Amino acid sequence: MISDDSELHTAIRSELTKVVRRQKSCRTGEERAILDATLLQSHCPLLLSSFHETLRLVGAATSVRSVVEPATLASAATNTSFALQSPAVIQLPSGITHTNPAIWGSDANVFNPARFLPSTKAALDKDTKRKQAQGYFPFGGGKHLCPGRHFATTEILSFVGAIILGFDVSGSRVPERAFQKLGTAVRKPKGDVDISMKRRRGWENVKWSFSVEGRGGEEEVKNLVVGGEELGDE
Ligand code: HEM
């Protein structure tokens, strides 16, 4: 989805330069790119927003809850209430609310990379803000909220960041989504997605490392020890 849009791709590449630094070993000539995973969320707002927008459109997990005793759920905002009987099973399919035009607007099914930017959200009216906050739950919620969400977010942003910085991807387009069967957690694309990928010029021989040091993108750093090997610029 990102490589489909050259303007977005360029903007995200530019964000990513703030969280990656390049090094070359004087001794072996080995080139390294070190991406600091701790800075991705604070320094790459468009990448983060695109990640959430992707989860909104393709994440469709259903949270399942068992009613263990009769209860009433009431919403003052919508003036509705639900009487829950026991025993019963409740299913909360995020795929429905993730693409509901009443929550996201007429472009609910369109990939909008800016949708989750703080500035976009700040411009929403109070009611829409509330509906979007409640209607977006790719990691579930409550007691069983996914405990792996931070790990998954960091891992995905790091991986995608390295692909965007180190490779040129072409031929991709946002794929149509296949019909969502009951139980689908991640919507598959309709048909194959053919892409062509090659190392980006100037990044051909780079080996990737991922750090959690909180250090940004100084282009080159002298005498840093990475993986037991001393590195420095030429
Ligand atoms: C993008 C990646 C991921 C997504 C979209 C995702 C989504 C979810 C969802 C929707 C639930 C159900 C929450 C609910 O019932 O309300 C869940 C539960 C869970 N997830 Fe994830 N998850 C992801 C990655 C991970 C990773 C990387 C781990 C582990 C390292 C993990 C571990 C778990 C566990 C253990 C539960 C069960 C929690 C419980 O029942 O209390 N998940 N996840």
# chains A, B, ... in the order shown; residues from 1 in each chain; ligands from 1
>>> residues_near_ligand(ligand="ligand 1", cutoff="10 Å", atoms="only C-alpha atoms and all ligand atoms", output="tab-separated table (two decimals) with C-alpha atoms, in the first residue's frame")
chain	number	residue	atom	x	y	z
A	51	PHE	CA	0.32	0.86	9.92
A	52	HIS	CA	-2.93	1.57	11.78
A	55	LEU	CA	-4.72	-2.85	10.42
A	56	ARG	CA	-8.07	-1.10	10.09
A	58	VAL	CA	-7.12	-5.89	6.84
A	59	GLY	CA	-7.42	-6.71	10.55
A	60	ALA	CA	-10.80	-8.32	11.10
A	61	ALA	CA	-10.40	-10.42	14.23
A	62	THR	CA	-13.46	-11.30	16.26
A	63	SER	CA	-13.22	-11.01	20.04
A	64	VAL	CA	-15.38	-13.60	21.74
A	65	ARG	CA	-16.79	-13.25	25.24
A	91	GLN	CA	-18.93	-12.03	19.22
A	92	LEU	CA	-17.40	-8.64	18.42
A	93	PRO	CA	-16.22	-8.67	14.80
A	94	SER	CA	-13.79	-5.78	14.35
A	137	PHE	CA	-9.86	-2.51	18.00
A	138	PRO	CA	-7.36	-4.56	15.95
A	139	PHE	CA	-5.85	-5.97	19.15
A	140	GLY	CA	-9.16	-6.67	20.88
A	141	GLY	CA	-9.84	-5.05	24.23
A	142	GLY	CA	-10.49	-5.28	27.95
A	143	LYS	CA	-9.14	-8.15	29.99
A	144	HIS	CA	-8.00	-10.10	26.93
A	145	LEU	CA	-6.42	-7.19	25.03
A	146	CYS	CA	-3.55	-8.64	22.98
A	147	PRO	CA	-0.45	-8.69	25.21
A	148	GLY	CA	1.79	-8.93	22.12
A	149	ARG	CA	0.61	-5.64	20.57
A	150	HIS	CA	3.69	-3.55	21.41
A	151	PHE	CA	6.05	-6.29	20.31
A	152	ALA	CA	4.06	-6.81	17.07
A	153	THR	CA	3.91	-3.06	16.34
A	154	THR	CA	7.65	-2.57	16.87
A	155	GLU	CA	8.54	-5.65	14.86
A	156	ILE	CA	6.29	-4.74	11.91
A	185	ALA	CA	-8.62	-12.54	11.45
A	186	VAL	CA	-6.63	-11.04	8.59
>>> select_by_dssp(residues="range 11-158 of chain A", states="helix (DSSP H, G or I)", output="PyMOL selection string")
chain A and resi 11-16+37-43+45-58+94-98+101-104+118-122+126-135+142-144+149-158
>>> closest_residue(among="A:Leu57, A:Asn109, A:Lys131, A:Arg22", to="Gly166 in chain A", atoms="only C-alpha atoms")
A:Arg22
>>> residues_around(residues="range 29-41 of chain A", least_positions_apart="3", cutoff="7 Å", atoms="only C-alpha atoms", output="ChimeraX atom specification")
/A:19-26,44-45,48,154,158,205-216
>>> write_last_selection(atoms="C-alpha atoms", output="mmCIF file, in the first residue's frame")
data_model
loop_
_atom_site.group_PDB
_atom_site.id
_atom_site.type_symbol
_atom_site.label_atom_id
_atom_site.label_comp_id
_atom_site.auth_asym_id
_atom_site.auth_seq_id
_atom_site.Cartn_x
_atom_site.Cartn_y
_atom_site.Cartn_z
ATOM 1 C CA VAL A 19 15.855 6.678 12.992
ATOM 2 C CA VAL A 20 18.561 4.926 10.998
ATOM 3 C CA ARG A 21 22.298 5.422 10.895
ATOM 4 C CA ARG A 22 24.860 4.021 8.476
ATOM 5 C CA GLN A 23 28.288 2.707 9.367
ATOM 6 C CA LYS A 24 31.216 1.236 7.506
ATOM 7 C CA SER A 25 33.908 -0.879 9.115
ATOM 8 C CA CYS A 26 37.399 0.539 8.475
ATOM 9 C CA CYS A 44 7.688 8.383 11.921
ATOM 10 C CA PRO A 45 4.054 9.526 12.316
ATOM 11 C CA LEU A 48 2.656 4.683 12.179
ATOM 12 C CA THR A 154 7.649 -2.572 16.871
ATOM 13 C CA SER A 158 11.038 -2.102 11.951
ATOM 14 C CA ASN A 205 25.525 -4.307 0.421
ATOM 15 C CA VAL A 206 24.084 -3.057 3.671
ATOM 16 C CA LYS A 207 23.569 -5.478 6.531
ATOM 17 C CA TRP A 208 20.668 -4.544 8.791
ATOM 18 C CA SER A 209 20.705 -4.295 12.580
ATOM 19 C CA PHE A 210 17.894 -3.202 14.874
ATOM 20 C CA SER A 211 18.722 -1.432 18.119
ATOM 21 C CA VAL A 212 16.791 -0.147 21.123
ATOM 22 C CA GLU A 213 19.283 2.528 22.166
ATOM 23 C CA GLY A 214 17.127 5.616 21.547
ATOM 24 C CA ARG A 215 19.742 6.991 19.132
ATOM 25 C CA GLY A 216 18.681 8.721 15.971
#
>>> select_by_dssp(residues="chain A", states="strand (DSSP E)", output="PDB file with N, CA and C atoms, in the first residue's frame")
ATOM      1  N   VAL A  20      17.576   5.911  11.462  1.00  0.00           N
ATOM      2  CA  VAL A  20      18.561   4.926  10.998  1.00  0.00           C
ATOM      3  C   VAL A  20      19.910   5.601  10.856  1.00  0.00           C
ATOM      4  N   ARG A  21      20.968   4.880  11.164  1.00  0.00           N
ATOM      5  CA  ARG A  21      22.298   5.422  10.895  1.00  0.00           C
ATOM      6  C   ARG A  21      23.134   4.379  10.154  1.00  0.00           C
ATOM      7  N   ARG A  22      24.039   4.893   9.314  1.00  0.00           N
ATOM      8  CA  ARG A  22      24.860   4.021   8.476  1.00  0.00           C
ATOM      9  C   ARG A  22      26.286   3.992   9.011  1.00  0.00           C
ATOM     10  N   GLN A  23      26.898   2.827   8.934  1.00  0.00           N
ATOM     11  CA  GLN A  23      28.288   2.707   9.367  1.00  0.00           C
ATOM     12  C   GLN A  23      29.050   1.833   8.401  1.00  0.00           C
ATOM     13  N   LYS A  24      30.361   2.082   8.333  1.00  0.00           N
ATOM     14  CA  LYS A  24      31.216   1.236   7.506  1.00  0.00           C
ATOM     15  C   LYS A  24      32.429   0.851   8.338  1.00  0.00           C
ATOM     16  N   GLU A  31      29.357  -2.739   5.462  1.00  0.00           N
ATOM     17  CA  GLU A  31      28.424  -1.624   5.639  1.00  0.00           C
ATOM     18  C   GLU A  31      27.230  -2.088   6.454  1.00  0.00           C
ATOM     19  N   ARG A  32      26.827  -1.234   7.358  1.00  0.00           N
ATOM     20  CA  ARG A  32      25.706  -1.579   8.217  1.00  0.00           C
ATOM     21  C   ARG A  32      24.695  -0.436   8.287  1.00  0.00           C
ATOM     22  N   ALA A  33      23.433  -0.776   8.380  1.00  0.00           N
ATOM     23  CA  ALA A  33      22.394   0.218   8.669  1.00  0.00           C
ATOM     24  C   ALA A  33      21.770  -0.207   9.993  1.00  0.00           C
ATOM     25  N   ILE A  34      21.746   0.718  10.944  1.00  0.00           N
ATOM     26  CA  ILE A  34      21.207   0.398  12.268  1.00  0.00           C
ATOM     27  C   ILE A  34      19.931   1.199  12.491  1.00  0.00           C
ATOM     28  N   LEU A  35      18.838   0.490  12.581  1.00  0.00           N
ATOM     29  CA  LEU A  35      17.539   1.164  12.740  1.00  0.00           C
ATOM     30  C   LEU A  35      17.140   1.101  14.206  1.00  0.00           C
ATOM     31  N   ASP A  36      16.889   2.267  14.794  1.00  0.00           N
ATOM     32  CA  ASP A  36      16.518   2.297  16.212  1.00  0.00           C
ATOM     33  C   ASP A  36      15.003   2.144  16.372  1.00  0.00           C
ATOM     34  N   THR A  62     -12.232 -11.336  15.469  1.00  0.00           N
ATOM     35  CA  THR A  62     -13.465 -11.299  16.263  1.00  0.00           C
ATOM     36  C   THR A  62     -13.131 -11.642  17.716  1.00  0.00           C
ATOM     37  N   SER A  63     -13.394 -10.702  18.609  1.00  0.00           N
ATOM     38  CA  SER A  63     -13.223 -11.006  20.036  1.00  0.00           C
ATOM     39  C   SER A  63     -14.472 -11.754  20.490  1.00  0.00           C
ATOM     40  N   VAL A  64     -14.254 -12.784  21.280  1.00  0.00           N
ATOM     41  CA  VAL A  64     -15.384 -13.605  21.738  1.00  0.00           C
ATOM     42  C   VAL A  64     -15.438 -13.564  23.263  1.00  0.00           C
ATOM     43  N   ARG A  65     -16.632 -13.322  23.792  1.00  0.00           N
ATOM     44  CA  ARG A  65     -16.789 -13.253  25.244  1.00  0.00           C
ATOM     45  C   ARG A  65     -17.970 -14.111  25.670  1.00  0.00           C
ATOM     46  N   SER A  66     -17.829 -14.681  26.845  1.00  0.00           N
ATOM     47  CA  SER A  66     -18.887 -15.508  27.392  1.00  0.00           C
ATOM     48  C   SER A  66     -19.628 -14.714  28.482  1.00  0.00           C
ATOM     49  N   VAL A  67     -20.943 -14.694  28.435  1.00  0.00           N
ATOM     50  CA  VAL A  67     -21.705 -13.996  29.489  1.00  0.00           C
ATOM     51  C   VAL A  67     -21.834 -14.969  30.667  1.00  0.00           C
ATOM     52  N   ALA A  71     -26.431  -9.325  32.654  1.00  0.00           N
ATOM     53  CA  ALA A  71     -25.933  -7.950  32.837  1.00  0.00           C
ATOM     54  C   ALA A  71     -26.571  -7.041  31.795  1.00  0.00           C
ATOM     55  N   THR A  72     -26.528  -5.737  32.066  1.00  0.00           N
ATOM     56  CA  THR A  72     -27.031  -4.764  31.087  1.00  0.00           C
ATOM     57  C   THR A  72     -25.899  -3.829  30.698  1.00  0.00           C
ATOM     58  N   LEU A  73     -25.708  -3.692  29.390  1.00  0.00           N
ATOM     59  CA  LEU A  73     -24.720  -2.734  28.887  1.00  0.00           C
ATOM     60  C   LEU A  73     -25.478  -1.520  28.385  1.00  0.00           C
ATOM     61  N   ALA A  74     -25.158  -0.353  28.913  1.00  0.00           N
ATOM     62  CA  ALA A  74     -25.886   0.844  28.492  1.00  0.00           C
ATOM     63  C   ALA A  74     -24.919   1.898  27.966  1.00  0.00           C
ATOM     64  N   SER A  75     -25.340   2.600  26.939  1.00  0.00           N
ATOM     65  CA  SER A  75     -24.530   3.685  26.388  1.00  0.00           C
ATOM     66  C   SER A  75     -25.308   4.991  26.477  1.00  0.00           C
ATOM     67  N   THR A  80     -28.720   3.762  24.128  1.00  0.00           N
ATOM     68  CA  THR A  80     -29.154   2.382  23.862  1.00  0.00           C
ATOM     69  C   THR A  80     -28.695   1.500  25.011  1.00  0.00           C
ATOM     70  N   SER A  81     -29.360   0.349  25.169  1.00  0.00           N
ATOM     71  CA  SER A  81     -28.888  -0.610  26.181  1.00  0.00           C
ATOM     72  C   SER A  81     -29.138  -2.026  25.674  1.00  0.00           C
ATOM     73  N   PHE A  82     -28.308  -2.944  26.130  1.00  0.00           N
ATOM     74  CA  PHE A  82     -28.408  -4.341  25.741  1.00  0.00           C
ATOM     75  C   PHE A  82     -28.508  -5.189  26.993  1.00  0.00           C
ATOM     76  N   ALA A  83     -29.540  -6.031  27.031  1.00  0.00           N
ATOM     77  CA  ALA A  83     -29.684  -6.948  28.168  1.00  0.00           C
ATOM     78  C   ALA A  83     -28.997  -8.265  27.789  1.00  0.00           C
ATOM     79  N   LEU A  84     -27.960  -8.595  28.527  1.00  0.00           N
ATOM     80  CA  LEU A  84     -27.205  -9.816  28.217  1.00  0.00           C
ATOM     81  C   LEU A  84     -27.681 -10.952  29.117  1.00  0.00           C
ATOM     82  N   ALA A  88     -24.492 -17.219  27.430  1.00  0.00           N
ATOM     83  CA  ALA A  88     -24.525 -16.771  26.032  1.00  0.00           C
ATOM     84  C   ALA A  88     -23.096 -16.436  25.597  1.00  0.00           C
ATOM     85  N   VAL A  89     -22.902 -16.440  24.302  1.00  0.00           N
ATOM     86  CA  VAL A  89     -21.589 -16.077  23.754  1.00  0.00           C
ATOM     87  C   VAL A  89     -21.773 -14.827  22.908  1.00  0.00           C
ATOM     88  N   ILE A  90     -20.897 -13.853  23.129  1.00  0.00           N
ATOM     89  CA  ILE A  90     -20.978 -12.604  22.350  1.00  0.00           C
ATOM     90  C   ILE A  90     -19.773 -12.534  21.417  1.00  0.00           C
ATOM     91  N   GLN A  91     -20.037 -12.187  20.170  1.00  0.00           N
ATOM     92  CA  GLN A  91     -18.931 -12.031  19.220  1.00  0.00           C
ATOM     93  C   GLN A  91     -18.834 -10.567  18.790  1.00  0.00           C
ATOM     94  N   LEU A  92     -17.624 -10.038  18.802  1.00  0.00           N
ATOM     95  CA  LEU A  92     -17.401  -8.637  18.425  1.00  0.00           C
ATOM     96  C   LEU A  92     -16.487  -8.597  17.194  1.00  0.00           C
ATOM     97  N   PRO A  93     -17.058  -8.633  16.009  1.00  0.00           N
ATOM     98  CA  PRO A  93     -16.218  -8.670  14.799  1.00  0.00           C
ATOM     99  C   PRO A  93     -15.680  -7.293  14.424  1.00  0.00           C
ATOM    100  N   PHE A 167      15.179  -1.001  -0.047  1.00  0.00           N
ATOM    101  CA  PHE A 167      14.737  -1.650  -1.287  1.00  0.00           C
ATOM    102  C   PHE A 167      13.862  -0.723  -2.120  1.00  0.00           C
ATOM    103  N   ASP A 168      13.879  -0.937  -3.421  1.00  0.00           N
ATOM    104  CA  ASP A 168      12.908  -0.296  -4.317  1.00  0.00           C
ATOM    105  C   ASP A 168      11.886  -1.357  -4.684  1.00  0.00           C
ATOM    106  N   VAL A 169      10.621  -1.036  -4.388  1.00  0.00           N
ATOM    107  CA  VAL A 169       9.541  -1.984  -4.676  1.00  0.00           C
ATOM    108  C   VAL A 169       8.660  -1.365  -5.756  1.00  0.00           C
ATOM    109  N   SER A 170       8.407  -2.108  -6.811  1.00  0.00           N
ATOM    110  CA  SER A 170       7.530  -1.546  -7.847  1.00  0.00           C
ATOM    111  C   SER A 170       6.511  -2.583  -8.304  1.00  0.00           C
ATOM    112  N   SER A 196       7.851  -6.337  -7.793  1.00  0.00           N
ATOM    113  CA  SER A 196       9.259  -6.517  -8.129  1.00  0.00           C
ATOM    114  C   SER A 196      10.055  -5.758  -7.075  1.00  0.00           C
ATOM    115  N   MET A 197      11.090  -6.402  -6.556  1.00  0.00           N
ATOM    116  CA  MET A 197      11.846  -5.810  -5.455  1.00  0.00           C
ATOM    117  C   MET A 197      13.326  -5.869  -5.750  1.00  0.00           C
ATOM    118  N   LYS A 198      14.014  -4.739  -5.595  1.00  0.00           N
ATOM    119  CA  LYS A 198      15.473  -4.807  -5.734  1.00  0.00           C
ATOM    120  C   LYS A 198      16.128  -3.889  -4.711  1.00  0.00           C
ATOM    121  N   ARG A 199      17.380  -4.193  -4.413  1.00  0.00           N
ATOM    122  CA  ARG A 199      18.102  -3.363  -3.458  1.00  0.00           C
ATOM    123  C   ARG A 199      18.173  -1.931  -3.975  1.00  0.00           C
ATOM    124  N   LYS A 207      24.141  -4.483   5.620  1.00  0.00           N
ATOM    125  CA  LYS A 207      23.569  -5.478   6.531  1.00  0.00           C
ATOM    126  C   LYS A 207      22.742  -4.730   7.567  1.00  0.00           C
ATOM    127  N   TRP A 208      21.585  -5.257   7.891  1.00  0.00           N
ATOM    128  CA  TRP A 208      20.668  -4.544   8.791  1.00  0.00           C
ATOM    129  C   TRP A 208      20.804  -4.981  10.237  1.00  0.00           C
ATOM    130  N   SER A 209      20.787  -4.006  11.139  1.00  0.00           N
ATOM    131  CA  SER A 209      20.705  -4.295  12.580  1.00  0.00           C
ATOM    132  C   SER A 209      19.565  -3.455  13.152  1.00  0.00           C
ATOM    133  N   PHE A 210      18.990  -3.940  14.234  1.00  0.00           N
ATOM    134  CA  PHE A 210      17.894  -3.202  14.874  1.00  0.00           C
ATOM    135  C   PHE A 210      18.298  -2.975  16.318  1.00  0.00           C
ATOM    136  N   SER A 211      18.270  -1.708  16.760  1.00  0.00           N
ATOM    137  CA  SER A 211      18.722  -1.432  18.119  1.00  0.00           C
ATOM    138  C   SER A 211      17.572  -0.833  18.934  1.00  0.00           C
ATOM    139  N   LEU A 224      31.849   2.539  17.103  1.00  0.00           N
ATOM    140  CA  LEU A 224      30.771   1.920  17.872  1.00  0.00           C
ATOM    141  C   LEU A 224      30.936   0.416  17.791  1.00  0.00           C
ATOM    142  N   VAL A 225      30.738  -0.248  18.912  1.00  0.00           N
ATOM    143  CA  VAL A 225      30.869  -1.692  18.885  1.00  0.00           C
ATOM    144  C   VAL A 225      29.494  -2.308  18.623  1.00  0.00           C
ATOM    145  N   VAL A 226      29.365  -3.016  17.520  1.00  0.00           N
ATOM    146  CA  VAL A 226      28.109  -3.677  17.191  1.00  0.00           C
ATOM    147  C   VAL A 226      28.386  -5.162  17.044  1.00  0.00           C
ATOM    148  N   GLU A 229      31.968  -6.324  17.072  1.00  0.00           N
ATOM    149  CA  GLU A 229      32.944  -5.842  16.094  1.00  0.00           C
ATOM    150  C   GLU A 229      33.022  -4.331  16.122  1.00  0.00           C
ATOM    151  N   GLU A 230      34.231  -3.803  16.097  1.00  0.00           N
ATOM    152  CA  GLU A 230      34.356  -2.351  16.159  1.00  0.00           C
ATOM    153  C   GLU A 230      34.152  -1.755  14.777  1.00  0.00           C
ATOM    154  N   LEU A 231      33.280  -0.773  14.720  1.00  0.00           N
ATOM    155  CA  LEU A 231      32.974  -0.155  13.436  1.00  0.00           C
ATOM    156  C   LEU A 231      33.302   1.321  13.489  1.00  0.00           C
TER     157      LEU A 231
END
>>> closest_residue(among="A:Gln180, A:Lys129, A:Leu46, A:Val174", to="Leu157 in chain A", atoms="only C-alpha atoms")
A:Leu46
>>> atom_distance(atom1="CA of Thr54 in chain A", atom2="CA of Ala122 in chain A")
20.2 Å
>>> atom_distance(atom1="CA of Gly135 in chain A", atom2="CA of Asp5 in chain A")
26.6 Å
>>> closest_residue(among="A:Val110, A:Gly171, A:Trp104, A:Thr99", to="Ser6 in chain A", atoms="only C-alpha atoms")
A:Gly171
>>> residues_around(residues="His9 in chain A", least_positions_apart="3", cutoff="12 Å", atoms="only C-alpha atoms", output="JSON, numbers by chain")
{"A": [1, 2, 3, 4, 5, 6, 12, 13, 14, 15, 16, 46, 47, 50, 113, 160, 161, 163, 164, 165, 167, 168, 169, 170]}
>>> decode(residues="range 12-40 of chain A", atoms="N, CA and C atoms", output="mmCIF file, in the first residue's frame")
data_model
loop_
_atom_site.group_PDB
_atom_site.id
_atom_site.type_symbol
_atom_site.label_atom_id
_atom_site.label_comp_id
_atom_site.auth_asym_id
_atom_site.auth_seq_id
_atom_site.Cartn_x
_atom_site.Cartn_y
_atom_site.Cartn_z
ATOM 1 N N ILE A 12 7.629 8.829 3.816
ATOM 2 C CA ILE A 12 7.979 7.863 4.871
ATOM 3 C C ILE A 12 9.484 7.576 4.856
ATOM 4 N N ARG A 13 10.075 7.519 3.668
ATOM 5 C CA ARG A 13 11.529 7.340 3.598
ATOM 6 C C ARG A 13 12.235 8.477 4.324
ATOM 7 N N SER A 14 11.713 9.679 4.125
ATOM 8 C CA SER A 14 12.322 10.841 4.760
ATOM 9 C C SER A 14 12.190 10.747 6.293
ATOM 10 N N GLU A 15 11.022 10.317 6.776
ATOM 11 C CA GLU A 15 10.845 10.130 8.239
ATOM 12 C C GLU A 15 11.867 9.110 8.765
ATOM 13 N N LEU A 16 12.056 8.055 7.992
ATOM 14 C CA LEU A 16 12.894 6.944 8.470
ATOM 15 C C LEU A 16 14.379 7.301 8.571
ATOM 16 N N THR A 17 14.805 8.307 7.793
ATOM 17 C CA THR A 17 16.225 8.679 7.876
ATOM 18 C C THR A 17 16.564 9.192 9.281
ATOM 19 N N LYS A 18 15.528 9.608 10.042
ATOM 20 C CA LYS A 18 15.784 10.117 11.400
ATOM 21 C C LYS A 18 16.026 8.996 12.395
ATOM 22 N N VAL A 19 15.726 7.778 12.015
ATOM 23 C CA VAL A 19 15.855 6.678 12.992
ATOM 24 C C VAL A 19 16.871 5.630 12.552
ATOM 25 N N VAL A 20 17.576 5.911 11.462
ATOM 26 C CA VAL A 20 18.561 4.926 10.998
ATOM 27 C C VAL A 20 19.910 5.601 10.856
ATOM 28 N N ARG A 21 20.968 4.880 11.164
ATOM 29 C CA ARG A 21 22.298 5.422 10.895
ATOM 30 C C ARG A 21 23.134 4.379 10.154
ATOM 31 N N ARG A 22 24.039 4.893 9.314
ATOM 32 C CA ARG A 22 24.860 4.021 8.476
ATOM 33 C C ARG A 22 26.286 3.992 9.011
ATOM 34 N N GLN A 23 26.898 2.827 8.934
ATOM 35 C CA GLN A 23 28.288 2.707 9.367
ATOM 36 C C GLN A 23 29.050 1.833 8.401
ATOM 37 N N LYS A 24 30.361 2.082 8.333
ATOM 38 C CA LYS A 24 31.216 1.236 7.506
ATOM 39 C C LYS A 24 32.429 0.851 8.338
ATOM 40 N N SER A 25 32.761 -0.425 8.342
ATOM 41 C CA SER A 25 33.908 -0.879 9.115
ATOM 42 C C SER A 25 35.192 -0.510 8.375
ATOM 43 N N CYS A 26 36.117 0.177 9.088
ATOM 44 C CA CYS A 26 37.399 0.539 8.475
ATOM 45 C C CYS A 26 38.173 -0.735 8.145
ATOM 46 N N ARG A 27 38.006 -1.732 9.016
ATOM 47 C CA ARG A 27 38.803 -2.952 8.899
ATOM 48 C C ARG A 27 38.314 -3.865 7.774
ATOM 49 N N THR A 28 37.010 -4.121 7.750
ATOM 50 C CA THR A 28 36.487 -5.117 6.802
ATOM 51 C C THR A 28 35.730 -4.488 5.635
ATOM 52 N N GLY A 29 35.408 -3.205 5.752
ATOM 53 C CA GLY A 29 34.627 -2.551 4.689
ATOM 54 C C GLY A 29 33.143 -2.869 4.778
ATOM 55 N N GLU A 30 32.765 -3.644 5.799
ATOM 56 C CA GLU A 30 31.350 -4.030 5.915
ATOM 57 C C GLU A 30 30.469 -2.808 6.183
ATOM 58 N N GLU A 31 29.357 -2.739 5.462
ATOM 59 C CA GLU A 31 28.424 -1.624 5.639
ATOM 60 C C GLU A 31 27.230 -2.088 6.454
ATOM 61 N N ARG A 32 26.827 -1.234 7.358
ATOM 62 C CA ARG A 32 25.706 -1.579 8.217
ATOM 63 C C ARG A 32 24.695 -0.436 8.287
ATOM 64 N N ALA A 33 23.433 -0.776 8.380
ATOM 65 C CA ALA A 33 22.394 0.218 8.669
ATOM 66 C C ALA A 33 21.770 -0.207 9.993
ATOM 67 N N ILE A 34 21.746 0.718 10.944
ATOM 68 C CA ILE A 34 21.207 0.398 12.268
ATOM 69 C C ILE A 34 19.931 1.199 12.491
ATOM 70 N N LEU A 35 18.838 0.490 12.581
ATOM 71 C CA LEU A 35 17.539 1.164 12.740
ATOM 72 C C LEU A 35 17.140 1.101 14.206
ATOM 73 N N ASP A 36 16.889 2.267 14.794
ATOM 74 C CA ASP A 36 16.518 2.297 16.212
ATOM 75 C C ASP A 36 15.003 2.144 16.372
ATOM 76 N N ALA A 37 14.614 0.953 16.808
ATOM 77 C CA ALA A 37 13.180 0.622 16.882
ATOM 78 C C ALA A 37 12.435 1.460 17.911
ATOM 79 N N THR A 38 13.161 2.007 18.899
ATOM 80 C CA THR A 38 12.469 2.770 19.953
ATOM 81 C C THR A 38 11.993 4.137 19.450
ATOM 82 N N LEU A 39 12.549 4.599 18.317
ATOM 83 C CA LEU A 39 12.207 5.942 17.829
ATOM 84 C C LEU A 39 11.128 5.935 16.757
ATOM 85 N N LEU A 40 10.753 4.750 16.292
ATOM 86 C CA LEU A 40 9.840 4.675 15.141
ATOM 87 C C LEU A 40 8.514 5.392 15.390
#
